[in-house]
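Trainee: Here you go, protein_28.cif (mmCIF, C-alpha atoms):
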data_structure
#
loop_
_atom_site.label_atom_id
_atom_site.label_comp_id
_atom_site.auth_asym_id
_atom_site.auth_seq_id
_atom_site.Cartn_x
_atom_site.Cartn_y
_atom_site.Cartn_z
CA MET V 1 -10.09 29.95 -20.22
CA THR V 2 -8.93 26.85 -22.13
CA GLN V 3 -7.09 24.49 -19.79
CA ASP V 4 -4.60 21.80 -20.65
CA SER V 5 -6.47 19.19 -18.60
CA ASP V 6 -9.11 18.60 -15.97
CA LEU V 7 -6.67 17.02 -13.50
CA LEU V 8 -2.98 17.78 -13.03
CA ILE V 9 -1.64 14.78 -11.10
CA ILE V 10 1.82 15.16 -9.56
CA GLY V 11 3.37 11.73 -9.04
CA GLY V 12 3.86 8.89 -11.51
CA GLY V 13 4.30 5.95 -9.14
CA LEU V 14 1.18 3.78 -8.74
CA ASN V 15 -1.60 5.91 -7.27
CA GLY V 16 -1.16 8.78 -9.73
CA PRO V 17 -1.56 6.67 -12.90
CA ALA V 18 -4.41 4.68 -11.28
CA LEU V 19 -6.27 7.93 -10.53
CA ALA V 20 -5.76 9.18 -14.10
CA LEU V 21 -7.26 5.95 -15.48
CA ALA V 22 -10.13 6.06 -12.97
CA ALA V 23 -10.87 9.70 -13.83
CA ALA V 24 -10.89 8.80 -17.53
CA GLU V 25 -13.79 6.43 -16.78
CA ALA V 26 -15.75 9.58 -15.84
CA GLY V 27 -14.67 11.42 -18.99
CA LEU V 28 -12.10 13.58 -17.20
CA ARG V 29 -8.74 14.38 -18.79
CA SER V 30 -5.53 14.05 -16.76
CA ILE V 31 -1.87 14.92 -17.10
CA VAL V 32 0.40 12.74 -14.94
CA ILE V 33 3.58 14.64 -14.10
CA ASP V 34 6.29 12.09 -13.26
CA ALA V 35 9.72 13.03 -11.91
CA LEU V 36 11.26 9.77 -13.14
CA PRO V 37 12.16 9.08 -16.79
CA ALA V 38 9.88 6.66 -18.64
CA ASP V 39 12.62 4.04 -19.07
CA ARG V 40 13.17 3.94 -15.30
CA ARG V 41 9.49 3.27 -14.72
CA ALA V 42 9.48 0.56 -17.38
CA GLU V 43 12.46 -1.44 -16.08
CA PRO V 44 11.46 -5.14 -16.25
CA ASP V 45 13.74 -6.57 -13.54
CA PHE V 46 12.28 -7.63 -10.20
CA ASP V 47 13.54 -5.18 -7.59
CA GLY V 48 12.10 -7.02 -4.59
CA ARG V 49 8.99 -4.87 -4.19
CA ALA V 50 5.62 -6.62 -4.13
CA TYR V 51 2.18 -5.65 -2.85
CA ALA V 52 -0.55 -7.50 -0.99
CA LEU V 53 -3.55 -6.25 -2.96
CA ALA V 54 -6.81 -6.63 -1.06
CA LEU V 55 -9.84 -7.93 -2.94
CA ALA V 56 -11.28 -4.40 -3.16
CA SER V 57 -8.06 -3.22 -4.84
CA VAL V 58 -8.23 -6.14 -7.27
CA ARG V 59 -11.77 -5.05 -8.14
CA LEU V 60 -10.54 -1.52 -8.86
CA LEU V 61 -7.82 -2.82 -11.19
CA ALA V 62 -10.34 -5.10 -12.91
CA ASN V 63 -12.71 -2.18 -13.49
CA LEU V 64 -9.83 -0.22 -14.99
CA GLY V 65 -9.20 -3.08 -17.42
CA LEU V 66 -5.85 -4.11 -15.90
CA TRP V 67 -6.54 -7.32 -14.01
CA ASP V 68 -6.66 -9.73 -16.97
CA ARG V 69 -3.08 -8.72 -17.73
CA LEU V 70 -1.94 -8.92 -14.09
CA ALA V 71 -3.70 -12.14 -13.07
CA PRO V 72 -1.23 -14.62 -14.66
CA ASP V 73 1.61 -13.16 -12.56
CA ALA V 74 -0.44 -12.69 -9.37
CA GLN V 75 -0.39 -15.09 -6.43
CA PRO V 76 -3.77 -15.57 -4.70
CA MET V 77 -3.64 -15.31 -0.91
CA THR V 78 -5.77 -18.15 0.39
CA GLY V 79 -4.91 -17.80 4.05
CA ILE V 80 -3.28 -15.63 6.70
CA ARG V 81 -1.48 -17.01 9.75
CA VAL V 82 -0.70 -14.60 12.59
CA SER V 83 1.79 -15.74 15.24
CA ASP V 84 3.29 -14.26 18.39
CA GLY V 85 6.80 -15.57 18.95
CA ARG V 86 10.42 -14.99 19.77
CA VAL V 87 13.53 -15.32 17.63
CA GLY V 88 14.18 -19.02 17.13
CA GLU V 89 10.52 -19.93 17.72
CA ALA V 90 9.12 -18.96 14.31
CA GLU V 91 7.83 -22.46 13.65
CA VAL V 92 5.64 -22.46 16.78
CA PHE V 93 2.08 -21.34 16.07
CA LEU V 94 0.17 -19.42 18.69
CA GLY V 95 -2.30 -16.96 17.26
CA LEU V 96 -4.79 -16.69 14.43
CA ASP V 97 -5.43 -18.75 11.32
CA PHE V 98 -7.63 -17.21 8.60
CA SER V 99 -8.85 -18.89 5.42
CA SER V 100 -10.37 -17.32 2.31
CA ALA V 101 -13.02 -20.04 2.50
CA GLU V 102 -14.57 -18.05 5.36
CA ILE V 103 -15.80 -15.36 2.96
CA GLU V 104 -17.95 -15.88 -0.12
CA GLU V 105 -16.12 -13.57 -2.52
CA GLY V 106 -13.04 -15.75 -3.05
CA PRO V 107 -9.36 -15.05 -2.24
CA MET V 108 -9.01 -12.16 0.21
CA GLY V 109 -6.32 -10.69 -2.03
CA HIS V 110 -3.40 -11.30 -4.35
CA MET V 111 0.33 -10.63 -4.22
CA VAL V 112 1.59 -8.71 -7.26
CA GLU V 113 5.18 -7.71 -7.95
CA ASP V 114 5.82 -4.02 -8.51
CA ARG V 115 7.34 -4.55 -11.96
CA TYR V 116 4.11 -6.04 -13.33
CA LEU V 117 1.77 -3.47 -11.78
CA ARG V 118 3.95 -0.53 -12.80
CA ARG V 119 4.24 -1.74 -16.40
CA ALA V 120 0.50 -2.39 -16.69
CA LEU V 121 -0.29 1.14 -15.48
CA LEU V 122 2.24 2.70 -17.87
CA ASP V 123 0.86 0.83 -20.86
CA ALA V 124 -2.73 1.66 -19.91
CA MET V 125 -1.85 5.37 -19.67
CA GLU V 126 -0.26 5.27 -23.11
CA ALA V 127 -3.40 3.65 -24.54
CA ALA V 128 -5.86 6.03 -22.84
CA PRO V 129 -6.65 9.08 -25.03
CA GLN V 130 -7.70 11.11 -21.99
CA VAL V 131 -4.41 10.58 -20.13
CA THR V 132 -1.12 12.34 -20.91
CA HIS V 133 2.07 11.12 -19.26
CA ARG V 134 4.82 13.71 -18.71
CA PRO V 135 7.91 11.74 -17.57
CA ALA V 136 11.18 13.29 -16.36
CA ALA V 137 9.28 16.44 -15.34
CA ARG V 138 9.59 18.15 -11.97
CA VAL V 139 7.18 20.72 -10.55
CA THR V 140 8.81 23.81 -9.07
CA ALA V 141 5.73 25.94 -8.35
CA GLN V 142 1.95 25.74 -8.24
CA THR V 143 -0.71 28.43 -8.36
CA VAL V 144 -4.40 28.28 -7.55
CA THR V 145 -6.98 30.79 -8.80
CA ALA V 146 -10.76 30.96 -8.60
CA SER V 147 -11.05 29.29 -12.00
CA GLY V 148 -8.23 26.75 -12.05
CA VAL V 149 -4.71 25.65 -11.16
CA SER V 150 -1.36 25.89 -12.87
CA VAL V 151 2.03 24.32 -12.25
CA THR V 152 5.46 25.42 -13.41
CA LEU V 153 7.90 22.71 -14.45
CA GLU V 154 11.66 22.73 -14.05
CA ASP V 155 12.10 23.54 -17.75
CA GLY V 156 10.06 26.72 -17.30
CA SER V 157 6.91 25.45 -19.04
CA THR V 158 3.48 25.65 -17.40
CA LEU V 159 0.45 23.39 -17.35
CA THR V 160 -3.10 24.39 -16.39
CA GLY V 161 -6.06 22.42 -15.11
CA ARG V 162 -9.16 22.45 -12.94
CA LEU V 163 -7.89 20.29 -10.05
CA LEU V 164 -4.39 19.63 -8.72
CA VAL V 165 -3.76 16.20 -7.14
CA GLY V 166 -0.71 15.34 -5.06
CA ALA V 167 0.30 11.69 -5.44
CA ASP V 168 3.95 12.42 -4.75
CA GLY V 169 4.68 10.45 -1.58
CA ARG V 170 5.35 11.11 2.07
CA GLN V 171 7.57 14.09 1.33
CA SER V 172 4.86 15.57 -0.89
CA GLY V 173 5.98 18.83 -2.45
CA THR V 174 2.37 19.39 -3.54
CA ALA V 175 1.18 19.37 0.07
CA ALA V 176 4.11 21.50 1.26
CA ARG V 177 3.55 24.16 -1.41
CA ALA V 178 -0.13 24.29 -0.40
CA GLY V 179 0.85 24.88 3.23
CA ILE V 180 -0.56 21.54 4.44
CA ARG V 181 1.26 20.43 7.58
CA ARG V 182 1.81 16.84 8.68
CA THR V 183 1.55 14.96 11.99
CA GLY V 184 3.69 11.92 12.66
CA TRP V 185 6.67 10.24 14.27
CA SER V 186 9.36 7.67 13.70
CA TYR V 187 9.02 4.17 15.15
CA GLY V 188 12.78 3.75 15.54
CA GLN V 189 12.39 0.73 13.28
CA THR V 190 13.68 -0.02 9.79
CA ALA V 191 12.10 -2.49 7.38
CA LEU V 192 14.39 -4.95 5.62
CA VAL V 193 12.75 -6.07 2.38
CA CYS V 194 13.80 -8.87 0.05
CA PRO V 195 12.39 -11.75 -2.01
CA ILE V 196 13.36 -15.30 -1.07
CA ALA V 197 13.09 -18.71 -2.70
CA HIS V 198 12.23 -21.73 -0.55
CA GLU V 199 12.09 -25.50 -0.90
CA LYS V 200 8.49 -26.11 0.11
CA PRO V 201 5.31 -24.57 -1.37
CA HIS V 202 3.69 -21.77 0.60
CA GLU V 203 0.19 -22.85 -0.52
CA GLY V 204 -0.88 -19.23 -0.83
CA THR V 205 -0.64 -18.54 2.91
CA ALA V 206 0.69 -15.21 4.15
CA HIS V 207 2.42 -15.21 7.55
CA GLN V 208 2.62 -12.33 10.00
CA LEU V 209 4.99 -13.18 12.83
CA PHE V 210 5.25 -10.74 15.73
CA LEU V 211 8.72 -10.63 17.28
CA PRO V 212 9.93 -8.29 20.07
CA PRO V 213 12.11 -6.10 17.76
CA GLY V 214 9.30 -5.78 15.20
CA PRO V 215 7.01 -7.81 12.94
CA LEU V 216 8.10 -10.16 10.15
CA ALA V 217 5.76 -10.65 7.18
CA ILE V 218 6.22 -13.58 4.79
CA LEU V 219 4.05 -12.94 1.74
CA PRO V 220 3.55 -15.57 -0.98
CA LEU V 221 4.71 -14.86 -4.54
CA THR V 222 4.26 -17.08 -7.59
CA GLY V 223 6.26 -20.30 -7.51
CA ASN V 224 8.21 -21.25 -4.42
CA ARG V 225 9.01 -17.63 -3.60
CA SER V 226 7.94 -15.18 -0.93
CA SER V 227 8.41 -11.48 -0.21
CA ILE V 228 9.90 -10.63 3.18
CA VAL V 229 9.13 -7.42 5.09
CA TRP V 230 11.19 -7.66 8.24
CA SER V 231 11.28 -4.90 10.89
CA GLU V 232 14.16 -4.38 13.31
CA ARG V 233 15.38 -1.55 15.52
CA ASP V 234 17.20 1.03 13.39
CA ALA V 235 20.78 0.29 14.47
CA GLN V 236 20.30 -3.48 14.29
CA ALA V 237 18.65 -3.23 10.86
CA GLN V 238 21.54 -1.21 9.47
CA ALA V 239 24.05 -3.69 10.85
CA ILE V 240 22.12 -6.62 9.34
CA ASN V 241 21.78 -4.92 5.98
CA ALA V 242 25.54 -4.33 5.84
CA LEU V 243 26.21 -8.08 6.02
CA PRO V 244 27.04 -10.19 2.95
CA ASP V 245 24.12 -12.23 1.57
CA ALA V 246 25.13 -15.48 3.29
CA GLU V 247 25.40 -13.84 6.73
CA TYR V 248 22.19 -11.88 6.14
CA LEU V 249 20.37 -15.20 5.61
CA GLU V 250 21.93 -16.62 8.76
CA VAL V 251 20.31 -13.80 10.74
CA LEU V 252 16.98 -14.26 8.96
CA ARG V 253 16.72 -18.06 9.32
CA PRO V 254 16.06 -18.26 13.09
CA ARG V 255 13.37 -15.60 12.71
CA PHE V 256 11.87 -17.24 9.67
CA GLY V 257 11.91 -20.86 10.89
CA ASP V 258 12.13 -23.96 8.71
CA PHE V 259 8.47 -24.51 7.77
CA LEU V 260 9.28 -23.74 4.12
CA GLY V 261 12.58 -25.65 4.09
CA GLN V 262 15.85 -24.09 3.01
CA ILE V 263 15.70 -20.45 1.92
CA THR V 264 17.85 -18.42 -0.48
CA LEU V 265 17.75 -14.82 -1.67
CA ALA V 266 15.83 -14.37 -4.93
CA GLY V 267 16.55 -10.69 -5.61
CA PRO V 268 17.98 -7.46 -4.22
CA ARG V 269 17.70 -6.35 -0.59
CA TYR V 270 16.27 -2.99 0.47
CA THR V 271 15.68 -1.01 3.64
CA TYR V 272 13.39 1.87 4.48
CA PRO V 273 12.69 3.71 7.76
CA LEU V 274 9.31 3.19 9.39
CA GLY V 275 7.14 5.94 10.75
CA LEU V 276 3.66 7.38 10.81
CA THR V 277 2.77 10.52 8.85
CA LEU V 278 -0.69 11.99 8.28
CA ALA V 279 -1.48 15.16 6.37
CA ASN V 280 -3.50 17.50 8.59
CA ALA V 281 -5.86 18.02 5.64
CA PHE V 282 -6.44 15.91 2.53
CA VAL V 283 -7.72 18.86 0.50
CA ALA V 284 -7.11 22.57 -0.03
CA ASP V 285 -8.29 25.09 -2.64
CA ARG V 286 -8.62 23.09 -5.90
CA LEU V 287 -6.25 20.47 -4.49
CA ALA V 288 -6.53 16.90 -3.19
CA LEU V 289 -3.96 14.45 -1.80
CA VAL V 290 -3.97 10.68 -2.35
CA GLY V 291 -1.80 7.79 -1.19
CA ASP V 292 1.35 8.45 0.81
CA ALA V 293 1.00 12.18 0.14
CA ALA V 294 -2.05 11.99 2.44
CA HIS V 295 -0.99 9.21 4.80
CA GLY V 296 1.95 6.91 5.45
CA MET V 297 1.68 4.14 8.01
CA HIS V 298 3.46 1.07 9.37
CA PRO V 299 3.38 -1.88 6.91
CA ILE V 300 2.26 -4.20 9.71
CA ALA V 301 -1.09 -4.89 8.02
CA GLY V 302 0.10 -4.53 4.43
CA GLN V 303 -2.45 -1.79 3.83
CA GLY V 304 -0.28 1.04 2.48
CA LEU V 305 -1.03 0.67 -1.23
CA ASN V 306 -4.55 -0.55 -0.52
CA ALA V 307 -5.29 2.63 1.42
CA GLY V 308 -3.90 4.67 -1.48
CA LEU V 309 -6.00 2.83 -4.05
CA ARG V 310 -9.04 3.37 -1.84
CA ASP V 311 -8.26 7.10 -1.96
CA VAL V 312 -8.07 6.83 -5.74
CA ALA V 313 -11.41 5.03 -5.98
CA ALA V 314 -13.11 7.43 -3.54
CA LEU V 315 -11.82 10.56 -5.28
CA ALA V 316 -12.80 9.18 -8.70
CA HIS V 317 -16.26 8.35 -7.30
CA VAL V 318 -16.75 11.87 -5.92
CA LEU V 319 -15.47 13.53 -9.12
CA SER V 320 -17.55 11.36 -11.47
CA HIS V 321 -20.78 11.97 -9.54
CA ALA V 322 -20.04 15.72 -9.41
CA GLN V 323 -19.35 15.72 -13.15
CA ARG V 324 -22.70 14.06 -13.86
CA ARG V 325 -24.49 16.68 -11.77
CA GLY V 326 -22.76 19.51 -13.60
CA GLU V 327 -20.78 20.66 -10.56
CA ASP V 328 -17.29 22.11 -10.65
CA VAL V 329 -15.26 18.99 -9.81
CA ALA V 330 -12.66 21.12 -7.99
CA SER V 331 -15.11 23.10 -5.86
CA ALA V 332 -14.72 23.15 -2.09
CA ALA V 333 -18.02 21.32 -1.63
CA VAL V 334 -16.98 18.44 -3.91
CA LEU V 335 -13.52 18.07 -2.35
CA ALA V 336 -15.02 18.17 1.15
CA ARG V 337 -16.95 14.98 0.30
CA TYR V 338 -13.70 13.24 -0.55
CA GLN V 339 -11.99 14.41 2.63
CA GLN V 340 -14.95 13.43 4.80
CA TRP V 341 -14.99 9.97 3.22
CA ARG V 342 -11.29 9.17 3.50
CA ARG V 343 -9.79 11.12 6.37
CA PHE V 344 -11.59 9.28 9.18
CA ASP V 345 -10.96 5.85 7.61
CA THR V 346 -7.24 6.47 7.14
CA ALA V 347 -6.83 7.97 10.62
CA THR V 348 -8.54 4.90 12.08
CA LEU V 349 -6.31 2.55 10.07
CA ALA V 350 -3.18 4.49 11.01
CA THR V 351 -4.15 4.40 14.68
CA ALA V 352 -4.79 0.65 14.50
CA THR V 353 -1.43 -0.11 12.85
CA ASP V 354 0.34 2.14 15.35
CA LEU V 355 -1.37 0.39 18.27
CA PHE V 356 -0.63 -3.11 16.95
CA ASN V 357 3.02 -2.28 16.36
CA ARG V 358 3.43 -0.88 19.88
CA LEU V 359 1.48 -3.74 21.45
CA PHE V 360 3.40 -6.52 19.71
CA SER V 361 6.93 -5.08 19.28
CA ASN V 362 8.01 -5.92 22.80
CA ASP V 363 8.54 -8.89 25.09
CA ASN V 364 6.63 -7.62 28.13
CA PRO V 365 5.21 -10.79 29.81
CA LEU V 366 1.89 -9.18 30.76
CA LEU V 367 1.34 -7.72 27.29
CA ARG V 368 2.33 -11.03 25.71
CA LEU V 369 -0.18 -12.90 27.87
CA GLY V 370 -2.94 -10.39 27.09
CA ARG V 371 -2.40 -10.38 23.33
CA ASP V 372 -2.11 -14.17 23.15
CA LEU V 373 -5.33 -14.59 25.09
CA GLY V 374 -6.98 -12.06 22.78
CA MET V 375 -5.84 -13.91 19.65
CA SER V 376 -6.97 -17.23 21.10
CA LEU V 377 -10.42 -15.74 21.76
CA VAL V 378 -10.72 -14.38 18.20
CA GLN V 379 -9.64 -17.77 16.84
CA ARG V 380 -12.58 -19.39 18.62
CA LEU V 381 -15.21 -16.88 17.37
CA PRO V 382 -16.00 -17.49 13.66
CA ASP V 383 -18.12 -14.37 13.20
CA LEU V 384 -15.42 -12.10 14.63
CA ARG V 385 -12.74 -13.84 12.59
CA ARG V 386 -14.85 -13.43 9.45
CA GLY V 387 -15.20 -9.72 10.24
CA PHE V 388 -11.41 -9.36 10.42
CA LEU V 389 -11.10 -11.17 7.07
CA ARG V 390 -13.59 -8.89 5.36
CA GLU V 391 -11.75 -5.87 6.76
CA ALA V 392 -8.44 -7.21 5.41
CA ALA V 393 -10.09 -7.81 2.03
CA GLY V 394 -11.29 -4.19 1.95
CA LEU V 395 -14.96 -5.18 1.81
CA THR V 396 -16.22 -3.20 4.80
CA GLY V 397 -17.55 0.34 4.98
CA ASP V 398 -18.93 2.49 2.19
CA LEU V 399 -17.25 1.22 -0.98
CA PRO V 400 -16.59 3.51 -3.98
CA ASP V 401 -18.19 2.50 -7.29
CA LEU V 402 -14.97 1.05 -8.70
CA MET V 403 -14.53 -1.24 -5.68
CA ALA V 404 -18.12 -2.26 -5.05
CA ARG V 405 -18.32 -4.94 -7.73
#
Please, can you express the file's structure as structure tokens?
Mentor:
Amino acid sequence: MTQDSDLLIIGGGLNGPALALAAAEAGLRSIVIDALPADRRAEPDFDGRAYALALASVRLLANLGLWDRLAPDAQPMTGIRVSDGRVGEAEVFLGLDFSSAEIEEGPMGHMVEDRYLRRALLDAMEAAPQVTHRPAARVTAQTVTASGVSVTLEDGSTLTGRLLVGADGRQSGTAARAGIRRTGWSYGQTALVCPIAHEKPHEGTAHQLFLPPGPLAILPLTGNRSSIVWSERDAQAQAINALPDAEYLEVLRPRFGDFLGQITLAGPRYTYPLGLTLANAFVADRLALVGDAAHGMHPIAGQGLNAGLRDVAALAHVLSHAQRRGEDVASAAVLARYQQWRRFDTATLATATDLFNRLFSNDNPLLRLGRDLGMSLVQRLPDLRRGFLREAAGLTGDLPDLMAR
């Protein structure tokens, strides 16, 4: 039977287009089915979203031919400072200080604004002959047979392929229609996200400050700007977000401290609830899940998109090697390799972020003493500190082809 494509990818955010481009490297055709209209995806304004891309993720984007375009607007992260504090004590350092100089490969990662990454992926899809983008299209049904998959769109049309991939977020309709259940819980925390401008240069250093209500990440952007990901208890976060800009900043300042001088808002403010969600399986018959469709975790380590891009690279690796061997890329044996590779890693990462959030989002004196002693010990052990850096850069474990160089 003639099929419309090799891969039908549901989800046009970041992971879906990245997978289509990675699959094209192996000669596989993809259709990316995107619920949003193309002009919404292409909006050029900064909406406050930015990503801490680990070095392994930068390698993936470079191998897909995207990094030369992204690099001029990317901010290298040359250091990470981790602090344990209280509100009003943000300028006091007690914790860990990492430098990219401790690893040979260069900066541990880069900060990239969503608008640049999204636009680069859209343009690359348009230029790739093996990728078809179907914007403003919603899937209403999916069917799997022994020889392929098909999806029905809202307009009544159907598309057929060999493999169906869900890249459609934490509320994945692809996973739900396949009967894949999820495990997870809410943290009772909400993230407040915004970009800020500040007087003093950040010098490429990312800050992770642990406060009793939840962590505060200060992530360097180009120029004298940073991206804030600030976690508070749900009710408090909603009350803060309802404040006018000037009062919002008054609440942020004592948490932020004055090490970067005066701060002002540099874009819109956003909130999103925080929780853990893991798909009980990453694959089903002729189906695979990537990104938040497979796993959603606390942003405490900034690994959400990196974990998704690692899924993309691993699935592309498995599919390309199967294609070379003449295997059916959607067979149970091939998809089992992908699940075996990624499910343990993501479960481990999710468990670690969950543990760190619970350990640090409190003001228990005994826990505070224990975690501060632990951080002081790590700070004094260069080999252990270097191991943490390489983990943050995505350089540990079995790397997929597109991230290995």
Trainee: Using only C-alpha atoms - which residues lie no farther than 10 Å from the point (-13.6, -13.5, -3.0) in the file's frame? Write them as a CSV table (one decimal) with C-alpha atoms, in the coordinates of the input.
Mentor:
chain,number,residue,atom,x,y,z
V,54,ALA,CA,-6.8,-6.6,-1.1
V,55,LEU,CA,-9.8,-7.9,-2.9
V,56,ALA,CA,-11.3,-4.4,-3.2
V,78,THR,CA,-5.8,-18.2,0.4
V,100,SER,CA,-10.4,-17.3,2.3
V,101,ALA,CA,-13.0,-20.0,2.5
V,102,GLU,CA,-14.6,-18.0,5.4
V,103,ILE,CA,-15.8,-15.4,3.0
V,104,GLU,CA,-18.0,-15.9,-0.1
V,105,GLU,CA,-16.1,-13.6,-2.5
V,106,GLY,CA,-13.0,-15.8,-3.0
V,107,PRO,CA,-9.4,-15.0,-2.2
V,108,MET,CA,-9.0,-12.2,0.2
V,109,GLY,CA,-6.3,-10.7,-2.0
V,390,ARG,CA,-13.6,-8.9,5.4
V,393,ALA,CA,-10.1,-7.8,2.0
V,395,LEU,CA,-15.0,-5.2,1.8
Trainee: So that I can check the surroundings of V:Thr183, please list as a ChimeraX atom specification every protein, DNA and RNA residue that reaches within 8 Å of it, counting only C-alpha atoms and ignoring chain neighbours fewer than 5 positions away.
Mentor: /V:276-280
Trainee: Show me, as a PyMOL selection string, the residues that have an atom within 7 Å of stretch 258-270 of chain V when counting all atoms listed in the file, minus same-chain residues fewer than 4 positions from it.
Mentor: chain V and resi 46-48+91+192-202
Trainee: Evaluate the PyMOL selection byres ((chain V and resi 343) around 10) and record the selected residues as a list in words, following the chain and residue labels used in the document.
Mentor: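 When the PyMOL selection byres ((chain V and resi 343) around 10) is applied, the selected residues are Leu278, Ala279, Asn280, Ala281, Phe282, Val283, Ala294, His295, Asp311, Tyr338, Gln339, Gln340, Trp341, Arg342, Phe344, Asp345, Thr346, Ala347, Thr348 and Leu349 of chain V.
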Trainee: Fewer than 4 positions away in the same chain doesn't count, so skip those; otherwise give me all residues within 12 Å of V:Asn15, counting all atoms listed in the file, as a PDB file with C-alpha atoms, in the coordinates of the input.
Mentor:
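Contents of out.pdb, as written:
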ATOM      1  CA  ILE V   9      -1.640  14.780 -11.100  1.00  0.00           C
ATOM      2  CA  ILE V  10       1.820  15.160  -9.560  1.00  0.00           C
ATOM      3  CA  GLY V  11       3.370  11.730  -9.040  1.00  0.00           C
ATOM      4  CA  LEU V  19      -6.270   7.930 -10.530  1.00  0.00           C
ATOM      5  CA  ALA V  20      -5.760   9.180 -14.100  1.00  0.00           C
ATOM      6  CA  LEU V  21      -7.260   5.950 -15.480  1.00  0.00           C
ATOM      7  CA  ALA V  22     -10.130   6.060 -12.970  1.00  0.00           C
ATOM      8  CA  ALA V  23     -10.870   9.700 -13.830  1.00  0.00           C
ATOM      9  CA  VAL V  32       0.400  12.740 -14.940  1.00  0.00           C
ATOM     10  CA  ASP V  34       6.290  12.090 -13.260  1.00  0.00           C
ATOM     11  CA  SER V  57      -8.060  -3.220  -4.840  1.00  0.00           C
ATOM     12  CA  LEU V  60     -10.540  -1.520  -8.860  1.00  0.00           C
ATOM     13  CA  LEU V  61      -7.820  -2.820 -11.190  1.00  0.00           C
ATOM     14  CA  LEU V 117       1.770  -3.470 -11.780  1.00  0.00           C
ATOM     15  CA  ARG V 118       3.950  -0.530 -12.800  1.00  0.00           C
ATOM     16  CA  LEU V 121      -0.290   1.140 -15.480  1.00  0.00           C
ATOM     17  CA  LEU V 122       2.240   2.700 -17.870  1.00  0.00           C
ATOM     18  CA  VAL V 165      -3.760  16.200  -7.140  1.00  0.00           C
ATOM     19  CA  GLY V 166      -0.710  15.340  -5.060  1.00  0.00           C
ATOM     20  CA  ALA V 167       0.300  11.690  -5.440  1.00  0.00           C
ATOM     21  CA  ASP V 168       3.950  12.420  -4.750  1.00  0.00           C
ATOM     22  CA  GLY V 169       4.680  10.450  -1.580  1.00  0.00           C
ATOM     23  CA  LEU V 289      -3.960  14.450  -1.800  1.00  0.00           C
ATOM     24  CA  VAL V 290      -3.970  10.680  -2.350  1.00  0.00           C
ATOM     25  CA  GLY V 291      -1.800   7.790  -1.190  1.00  0.00           C
ATOM     26  CA  ASP V 292       1.350   8.450   0.810  1.00  0.00           C
ATOM     27  CA  ALA V 293       1.000  12.180   0.140  1.00  0.00           C
ATOM     28  CA  ALA V 294      -2.050  11.990   2.440  1.00  0.00           C
ATOM     29  CA  GLY V 304      -0.280   1.040   2.480  1.00  0.00           C
ATOM     30  CA  LEU V 305      -1.030   0.670  -1.230  1.00  0.00           C
ATOM     31  CA  ASN V 306      -4.550  -0.550  -0.520  1.00  0.00           C
ATOM     32  CA  ALA V 307      -5.290   2.630   1.420  1.00  0.00           C
ATOM     33  CA  GLY V 308      -3.900   4.670  -1.480  1.00  0.00           C
ATOM     34  CA  LEU V 309      -6.000   2.830  -4.050  1.00  0.00           C
ATOM     35  CA  ARG V 310      -9.040   3.370  -1.840  1.00  0.00           C
ATOM     36  CA  ASP V 311      -8.260   7.100  -1.960  1.00  0.00           C
ATOM     37  CA  VAL V 312      -8.070   6.830  -5.740  1.00  0.00           C
ATOM     38  CA  ALA V 313     -11.410   5.030  -5.980  1.00  0.00           C
ATOM     39  CA  LEU V 315     -11.820  10.560  -5.280  1.00  0.00           C
ATOM     40  CA  ALA V 316     -12.800   9.180  -8.700  1.00  0.00           C
TER      41      ALA V 316
END
Trainee: Suppose you want the space between atom CA of V:Ala322 and atom CA of V:Val334; what is it in Å?
Mentor: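 Computing the Euclidean distance for atom CA of V:Ala322 and atom CA of V:Val334 yields 6.9 Å.
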Trainee: Using only C-alpha atoms, can you tell me which of V:Gly188, V:Pro44, V:Gly156, V:Gly79 comes closest to V:Pro220?
Mentor: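 Smallest separation from V:Pro220 among the options: V:Gly79.
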Trainee: For V:Thr160, which residue out of V:Arg286, V:Arg119, V:Arg59, V:Arg49 is the nearest one, using all atoms listed in the file?
Mentor: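 Nearest to V:Thr160: V:Arg286.
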Trainee: For V:Leu159, which residue out of V:Met297, V:Ile31, V:Met125, V:Ala50 is the nearest one, using all atoms listed in the file?
Mentor: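 Among V:Met297, V:Ile31, V:Met125, V:Ala50, it is V:Ile31 that comes nearest to V:Leu159.
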Trainee: Give the answer as one residue: which of V:Gln189, V:Thr152, V:Thr222, V:Thr140 has the shortest atom-to-atom distance to V:Gly173, using all atoms listed in the file?
Mentor: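 Looking at the shortest contact to V:Gly173, the residue is V:Thr140.
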Trainee: Using the chain letters and numbers from the file, give me the residues hit by the PyMOL selection byres ((chain V and resi 4) around 10), as a PyMOL selection string.
Mentor: chain V and resi 1-3+5-8+29-31+150+158-162
Trainee: What is the atom CA of V:Glu25-atom CA of V:Thr174 distance in Å, reported with one decimal?
Mentor: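 So the two atoms, atom CA of V:Glu25 and atom CA of V:Thr174, lie 24.6 Å apart.
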Trainee: Pick from V:Gly13, V:Pro76, V:Leu274, V:Ala288: nearest to V:Ser186, with all atoms listed in the file counted?
Mentor: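 Looking only at the distances to V:Ser186, the closest residue turns out to be V:Leu274.
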Trainee: Which polymer residues have any atom within 12 Å of an atom of V:Ile240, counting all atoms listed in the file, with same-chain residues fewer than 3 positions away left out, as a list in words?
Mentor: Thr190, Ala191, Leu192, Val193, Trp230, Ser231, Glu232, Arg233, Asp234, Ala235, Gln236, Ala237, Leu243, Pro244, Asp245, Ala246, Glu247, Tyr248, Leu249, Glu250, Val251, Leu252, Arg269, Tyr270 and Thr271 of chain V
